[in-house]
Amino acid sequence: MDARLDYFASPTAGKALKYFMSAGRELKESPLPAATQELVALRVSQINGCAVCIDMHTKEAAAAGESPVRLNLIAAWREATVFTEAERAALALAEQGTRVADSAVGVSDEVWARAAQHYDEEQLTALVLFVSFMNAVNRLNVITQQPAGDYQVGQFH
């Protein structure tokens with residue numbers, strides 16, 4: 001499978017994505033726990049059907065010590081007992097933030113309040129920015145059908 005566009009060969013993409021991806025690197029350094037970031041990235045990417053991001057974040061999470069059980073259960077996190085309450089709150093916010101078109105309220109007050117019980121304002125800010133960032137990256141990849149399977153841990157760091 002070949003991608004519709006080669007972002008690495010495009011001067012326009014090169015200029016724009018340089019800044020865009022630097023925002024992603026900054027978010028990696030935020031006070032939001034790294035494990036939570038990977039779980040959120042993986043779940044958002046599953047919802048959006050972004051194969052290349054699922055490939056990347058599954059491999060990055062595993063390399064960082066995430067268990068295969070948790071990685072395999074992320075799609076069914078509500079029924080799984082392996083996630084903390086804080087992680088569940090982040091995943092609920094990420095799901096509603098990803099599916100804003102499916103709800104008249106976007107992210108509900110209940111989901112926001114639950115996240116605010118587990119994360120301080122700086123972490124919530126990072127979480128909202130991270131969910132938004134992942135949705136944008138997913139769209140860049142899905143629209144252009146970027147192929148998945150060949151990602152190597154650390155490839156884009």
# chains A, B, ... in the order shown; residues from 1 in each chain; ligands from 1
>>> closest_atom_pairs(of="stretch 70-110 of chain A", to="stretch 128-142 of chain A", cutoff="10 Å", atoms="only C-alpha atoms", output="tab-separated table")
residue	atom	partner	partner_atom	distance
A:Ala90	CA	A:Val128	CA	9.5
A:Leu91	CA	A:Val131	CA	9.7
A:Leu93	CA	A:Val128	CA	8.3
A:Ala94	CA	A:Val131	CA	5.8
A:Glu95	CA	A:Val131	CA	8.8
A:Gln96	CA	A:Val131	CA	9.9
A:Gly97	CA	A:Val131	CA	6.9
A:Thr98	CA	A:Asn135	CA	6.7
A:Arg99	CA	A:Asn135	CA	9.9
>>> write_last_selection(atoms="C-alpha atoms", output="PDB file, in the first residue's frame")
ATOM      1  CA  ALA A  90      -8.655  10.364  30.725  1.00  0.00           C
ATOM      2  CA  LEU A  91      -9.951   7.740  28.295  1.00  0.00           C
ATOM      3  CA  LEU A  93     -12.527  12.506  28.045  1.00  0.00           C
ATOM      4  CA  ALA A  94     -10.445  11.401  25.058  1.00  0.00           C
ATOM      5  CA  GLU A  95     -13.334   9.412  23.595  1.00  0.00           C
ATOM      6  CA  GLN A  96     -15.857  12.216  23.973  1.00  0.00           C
ATOM      7  CA  GLY A  97     -13.316  14.747  22.709  1.00  0.00           C
ATOM      8  CA  THR A  98     -12.739  12.577  19.652  1.00  0.00           C
ATOM      9  CA  ARG A  99     -16.427  11.979  18.985  1.00  0.00           C
TER      10      ARG A  99
END
>>> residues_around(residues="stretch 109-118 of chain A", least_positions_apart="3", cutoff="10 Å", atoms="only C-alpha atoms", output="list in words")
Glu85, Ala86, Glu87, Arg88, Ala89, Ala90, Leu91, Ala92, Leu93, Ala94, Gln96, Val105, Gly106, Glu121, Gln123, Leu124 and Leu127 of chain A
>>> atom_distance(atom1="atom CA of A:Arg25", atom2="atom CA of A:Phe156")
9.7 Å
>>> residues_around(residues="A:Ala3", least_positions_apart="6", cutoff="8 Å", atoms="only C-alpha atoms", output="PyMOL selection string")
chain A and resi 144-147
>>> select_by_dssp(residues="stretch 31-79 of chain A", states="helix (DSSP H, G or I)", output="short mmCIF file (atom, residue, chain, number, x, y, z; two decimals) with all heavy atoms, in the first residue's frame")
data_model
loop_
_atom_site.label_atom_id
_atom_site.label_comp_id
_atom_site.auth_asym_id
_atom_site.auth_seq_id
_atom_site.Cartn_x
_atom_site.Cartn_y
_atom_site.Cartn_z
N ALA A 34 3.20 9.77 31.16
CA ALA A 34 3.54 9.20 29.86
C ALA A 34 2.66 7.99 29.53
O ALA A 34 2.23 7.82 28.38
CB ALA A 34 5.02 8.81 29.82
N ALA A 35 2.39 7.14 30.52
CA ALA A 35 1.54 5.97 30.26
C ALA A 35 0.14 6.40 29.83
O ALA A 35 -0.44 5.83 28.92
CB ALA A 35 1.48 5.08 31.50
N THR A 36 -0.37 7.44 30.48
CA THR A 36 -1.69 7.95 30.12
C THR A 36 -1.67 8.50 28.70
O THR A 36 -2.60 8.28 27.91
CB THR A 36 -2.15 9.03 31.12
OG1 THR A 36 -2.18 8.45 32.43
CG2 THR A 36 -3.52 9.58 30.78
N GLN A 37 -0.61 9.20 28.36
CA GLN A 37 -0.49 9.74 26.99
C GLN A 37 -0.54 8.62 25.96
O GLN A 37 -1.25 8.74 24.95
CB GLN A 37 0.81 10.53 26.84
CG GLN A 37 0.82 11.84 27.58
CD GLN A 37 2.08 12.63 27.30
OE1 GLN A 37 2.59 12.63 26.18
NE2 GLN A 37 2.59 13.30 28.31
N GLU A 38 0.17 7.55 26.19
CA GLU A 38 0.19 6.45 25.21
C GLU A 38 -1.16 5.75 25.13
O GLU A 38 -1.62 5.41 24.04
CB GLU A 38 1.29 5.44 25.53
CG GLU A 38 2.69 5.95 25.29
CD GLU A 38 2.98 6.36 23.84
OE1 GLU A 38 2.30 5.89 22.90
OE2 GLU A 38 3.91 7.16 23.64
N LEU A 39 -1.82 5.55 26.28
CA LEU A 39 -3.15 4.92 26.26
C LEU A 39 -4.14 5.80 25.51
O LEU A 39 -4.94 5.31 24.70
CB LEU A 39 -3.63 4.67 27.69
CG LEU A 39 -2.84 3.64 28.51
CD1 LEU A 39 -3.35 3.61 29.94
CD2 LEU A 39 -2.92 2.26 27.87
N VAL A 40 -4.10 7.10 25.77
CA VAL A 40 -5.00 8.04 25.09
C VAL A 40 -4.69 8.07 23.59
O VAL A 40 -5.61 8.02 22.76
CB VAL A 40 -4.90 9.45 25.72
CG1 VAL A 40 -5.51 10.52 24.83
CG2 VAL A 40 -5.58 9.44 27.09
N ALA A 41 -3.42 8.13 23.24
CA ALA A 41 -3.04 8.15 21.82
C ALA A 41 -3.54 6.90 21.11
O ALA A 41 -4.07 6.97 19.99
CB ALA A 41 -1.52 8.26 21.68
N LEU A 42 -3.41 5.77 21.76
CA LEU A 42 -3.84 4.52 21.17
C LEU A 42 -5.36 4.48 21.02
O LEU A 42 -5.88 4.12 19.96
CB LEU A 42 -3.34 3.35 22.02
CG LEU A 42 -3.66 1.95 21.51
CD1 LEU A 42 -3.21 1.76 20.08
CD2 LEU A 42 -3.01 0.93 22.43
N ARG A 43 -6.08 4.89 22.06
CA ARG A 43 -7.56 4.83 21.99
C ARG A 43 -8.10 5.81 20.94
O ARG A 43 -8.99 5.45 20.16
CB ARG A 43 -8.18 5.11 23.36
CG ARG A 43 -9.68 4.94 23.36
CD ARG A 43 -10.07 3.50 23.03
NE ARG A 43 -11.50 3.39 22.83
CZ ARG A 43 -12.06 2.82 21.77
NH1 ARG A 43 -11.32 2.27 20.82
NH2 ARG A 43 -13.37 2.76 21.66
N VAL A 44 -7.60 7.02 20.91
CA VAL A 44 -8.04 8.00 19.91
C VAL A 44 -7.76 7.46 18.51
O VAL A 44 -8.61 7.54 17.61
CB VAL A 44 -7.37 9.37 20.14
CG1 VAL A 44 -7.58 10.31 18.97
CG2 VAL A 44 -7.89 10.01 21.44
N SER A 45 -6.60 6.87 18.33
CA SER A 45 -6.23 6.33 17.03
C SER A 45 -7.10 5.15 16.63
O SER A 45 -7.43 4.97 15.45
CB SER A 45 -4.75 5.94 17.03
OG SER A 45 -3.95 7.07 17.28
N GLN A 46 -7.49 4.32 17.60
CA GLN A 46 -8.42 3.23 17.31
C GLN A 46 -9.76 3.78 16.83
O GLN A 46 -10.31 3.29 15.83
CB GLN A 46 -8.64 2.37 18.55
CG GLN A 46 -7.47 1.51 18.93
CD GLN A 46 -7.67 0.82 20.26
OE1 GLN A 46 -8.47 1.23 21.09
NE2 GLN A 46 -6.93 -0.26 20.47
N ILE A 47 -10.29 4.76 17.53
CA ILE A 47 -11.58 5.35 17.16
C ILE A 47 -11.52 5.91 15.75
O ILE A 47 -12.45 5.73 14.96
CB ILE A 47 -11.99 6.44 18.17
CG1 ILE A 47 -12.30 5.82 19.53
CG2 ILE A 47 -13.20 7.24 17.65
CD1 ILE A 47 -12.40 6.83 20.66
N ASN A 48 -10.43 6.58 15.43
CA ASN A 48 -10.29 7.23 14.12
C ASN A 48 -9.82 6.28 13.02
O ASN A 48 -9.75 6.67 11.86
CB ASN A 48 -9.33 8.41 14.22
CG ASN A 48 -9.94 9.56 14.98
OD1 ASN A 48 -11.14 9.81 14.90
ND2 ASN A 48 -9.12 10.27 15.74
N ALA A 51 -4.26 3.49 11.34
CA ALA A 51 -3.41 2.31 11.48
C ALA A 51 -1.97 2.67 11.83
O ALA A 51 -1.35 2.04 12.68
CB ALA A 51 -3.44 1.48 10.21
N VAL A 52 -1.42 3.70 11.18
CA VAL A 52 -0.02 4.05 11.43
C VAL A 52 0.17 4.53 12.88
O VAL A 52 1.18 4.23 13.51
CB VAL A 52 0.52 5.07 10.39
CG1 VAL A 52 -0.10 6.43 10.54
CG2 VAL A 52 2.03 5.15 10.42
N CYS A 53 -0.81 5.25 13.43
CA CYS A 53 -0.71 5.70 14.83
C CYS A 53 -0.93 4.55 15.81
O CYS A 53 -0.30 4.49 16.86
CB CYS A 53 -1.68 6.84 15.09
SG CYS A 53 -1.20 8.38 14.28
N ILE A 54 -1.82 3.63 15.46
CA ILE A 54 -2.01 2.45 16.30
C ILE A 54 -0.71 1.65 16.35
O ILE A 54 -0.26 1.23 17.43
CB ILE A 54 -3.18 1.58 15.79
CG1 ILE A 54 -4.50 2.33 15.95
CG2 ILE A 54 -3.22 0.24 16.51
CD1 ILE A 54 -5.67 1.69 15.22
N ASP A 55 -0.08 1.47 15.21
CA ASP A 55 1.20 0.78 15.12
C ASP A 55 2.23 1.47 16.00
O ASP A 55 2.88 0.85 16.86
CB ASP A 55 1.64 0.74 13.66
CG ASP A 55 2.95 0.01 13.43
OD1 ASP A 55 3.24 -0.96 14.16
OD2 ASP A 55 3.68 0.39 12.49
N MET A 56 2.37 2.78 15.81
CA MET A 56 3.38 3.55 16.55
C MET A 56 3.13 3.50 18.06
O MET A 56 4.05 3.19 18.83
CB MET A 56 3.37 5.01 16.10
CG MET A 56 4.29 5.89 16.94
SD MET A 56 4.05 7.65 16.69
CE MET A 56 4.60 7.82 15.02
N HIS A 57 1.93 3.81 18.48
CA HIS A 57 1.69 3.95 19.92
C HIS A 57 1.63 2.61 20.64
O HIS A 57 1.98 2.54 21.82
CB HIS A 57 0.47 4.82 20.16
CG HIS A 57 0.73 6.23 19.74
ND1 HIS A 57 1.58 7.06 20.45
CD2 HIS A 57 0.33 6.93 18.67
CE1 HIS A 57 1.66 8.22 19.83
NE2 HIS A 57 0.92 8.17 18.74
N THR A 58 1.25 1.55 19.96
CA THR A 58 1.32 0.23 20.57
C THR A 58 2.79 -0.15 20.82
O THR A 58 3.14 -0.61 21.91
CB THR A 58 0.66 -0.83 19.65
OG1 THR A 58 -0.71 -0.47 19.47
CG2 THR A 58 0.74 -2.21 20.26
N LYS A 59 3.63 0.09 19.84
CA LYS A 59 5.05 -0.25 19.97
C LYS A 59 5.75 0.65 20.99
O LYS A 59 6.57 0.17 21.79
CB LYS A 59 5.74 -0.17 18.62
CG LYS A 59 5.30 -1.30 17.68
CD LYS A 59 5.83 -1.13 16.28
CE LYS A 59 5.39 -2.26 15.38
NZ LYS A 59 5.79 -2.05 13.97
N GLU A 60 5.44 1.94 20.98
CA GLU A 60 6.06 2.86 21.95
C GLU A 60 5.63 2.51 23.37
O GLU A 60 6.46 2.52 24.29
CB GLU A 60 5.69 4.31 21.63
CG GLU A 60 6.36 4.87 20.38
CD GLU A 60 7.85 5.11 20.53
OE1 GLU A 60 8.39 5.14 21.65
OE2 GLU A 60 8.51 5.27 19.47
N ALA A 61 4.35 2.21 23.56
CA ALA A 61 3.86 1.85 24.89
C ALA A 61 4.50 0.56 25.38
O ALA A 61 4.91 0.47 26.54
CB ALA A 61 2.34 1.74 24.88
N ALA A 62 4.59 -0.43 24.51
CA ALA A 62 5.22 -1.70 24.89
C ALA A 62 6.69 -1.49 25.26
O ALA A 62 7.18 -2.03 26.26
CB ALA A 62 5.08 -2.72 23.76
N ALA A 63 7.38 -0.68 24.48
CA ALA A 63 8.80 -0.41 24.75
C ALA A 63 8.98 0.33 26.07
O ALA A 63 10.00 0.17 26.74
CB ALA A 63 9.41 0.40 23.61
N PRO A 68 1.11 -6.20 27.70
CA PRO A 68 0.29 -6.63 26.57
C PRO A 68 -1.19 -6.70 26.92
O PRO A 68 -2.04 -6.40 26.09
CB PRO A 68 0.84 -8.02 26.22
CG PRO A 68 2.24 -8.02 26.75
CD PRO A 68 2.19 -7.15 27.98
N VAL A 69 -1.50 -7.08 28.15
CA VAL A 69 -2.90 -7.18 28.57
C VAL A 69 -3.58 -5.82 28.47
O VAL A 69 -4.67 -5.69 27.90
CB VAL A 69 -3.02 -7.75 30.00
CG1 VAL A 69 -4.44 -7.62 30.54
CG2 VAL A 69 -2.56 -9.19 30.04
N ARG A 70 -2.95 -4.80 29.00
CA ARG A 70 -3.55 -3.45 28.95
C ARG A 70 -3.65 -2.95 27.51
O ARG A 70 -4.65 -2.35 27.12
CB ARG A 70 -2.74 -2.49 29.82
CG ARG A 70 -3.06 -2.68 31.30
CD ARG A 70 -2.11 -1.96 32.23
NE ARG A 70 -1.77 -0.60 31.91
CZ ARG A 70 -2.34 0.48 32.45
NH1 ARG A 70 -3.31 0.37 33.32
NH2 ARG A 70 -1.91 1.68 32.11
N LEU A 71 -2.62 -3.21 26.70
CA LEU A 71 -2.67 -2.78 25.30
C LEU A 71 -3.80 -3.49 24.56
O LEU A 71 -4.49 -2.88 23.74
CB LEU A 71 -1.33 -3.03 24.62
CG LEU A 71 -0.19 -2.16 25.10
CD1 LEU A 71 1.13 -2.57 24.45
CD2 LEU A 71 -0.48 -0.69 24.85
N ASN A 72 -3.99 -4.76 24.84
CA ASN A 72 -5.04 -5.51 24.16
C ASN A 72 -6.44 -5.13 24.64
O ASN A 72 -7.41 -5.30 23.90
CB ASN A 72 -4.82 -7.02 24.33
CG ASN A 72 -3.64 -7.51 23.52
OD1 ASN A 72 -3.37 -7.01 22.44
ND2 ASN A 72 -2.94 -8.49 24.05
N LEU A 73 -6.54 -4.63 25.85
CA LEU A 73 -7.86 -4.30 26.41
C LEU A 73 -8.26 -2.84 26.25
O LEU A 73 -9.37 -2.47 26.62
CB LEU A 73 -7.92 -4.69 27.89
CG LEU A 73 -8.00 -6.18 28.17
CD1 LEU A 73 -7.89 -6.45 29.67
CD2 LEU A 73 -9.30 -6.76 27.61
N ILE A 74 -7.41 -2.01 25.69
CA ILE A 74 -7.71 -0.58 25.60
C ILE A 74 -8.99 -0.31 24.83
O ILE A 74 -9.75 0.59 25.17
CB ILE A 74 -6.51 0.22 25.03
CG1 ILE A 74 -6.71 1.71 25.23
CG2 ILE A 74 -6.29 -0.09 23.57
CD1 ILE A 74 -6.59 2.16 26.64
N ALA A 75 -9.30 -1.10 23.82
CA ALA A 75 -10.52 -0.89 23.05
C ALA A 75 -11.77 -1.18 23.87
O ALA A 75 -12.85 -0.68 23.56
CB ALA A 75 -10.52 -1.75 21.79
N ALA A 76 -11.63 -1.97 24.93
CA ALA A 76 -12.76 -2.32 25.81
C ALA A 76 -12.47 -1.88 27.24
O ALA A 76 -12.80 -2.58 28.19
CB ALA A 76 -13.01 -3.82 25.73
#
>>> atom_distance(atom1="atom CA of A:Leu27", atom2="atom CA of A:Thr125")
9.9 Å
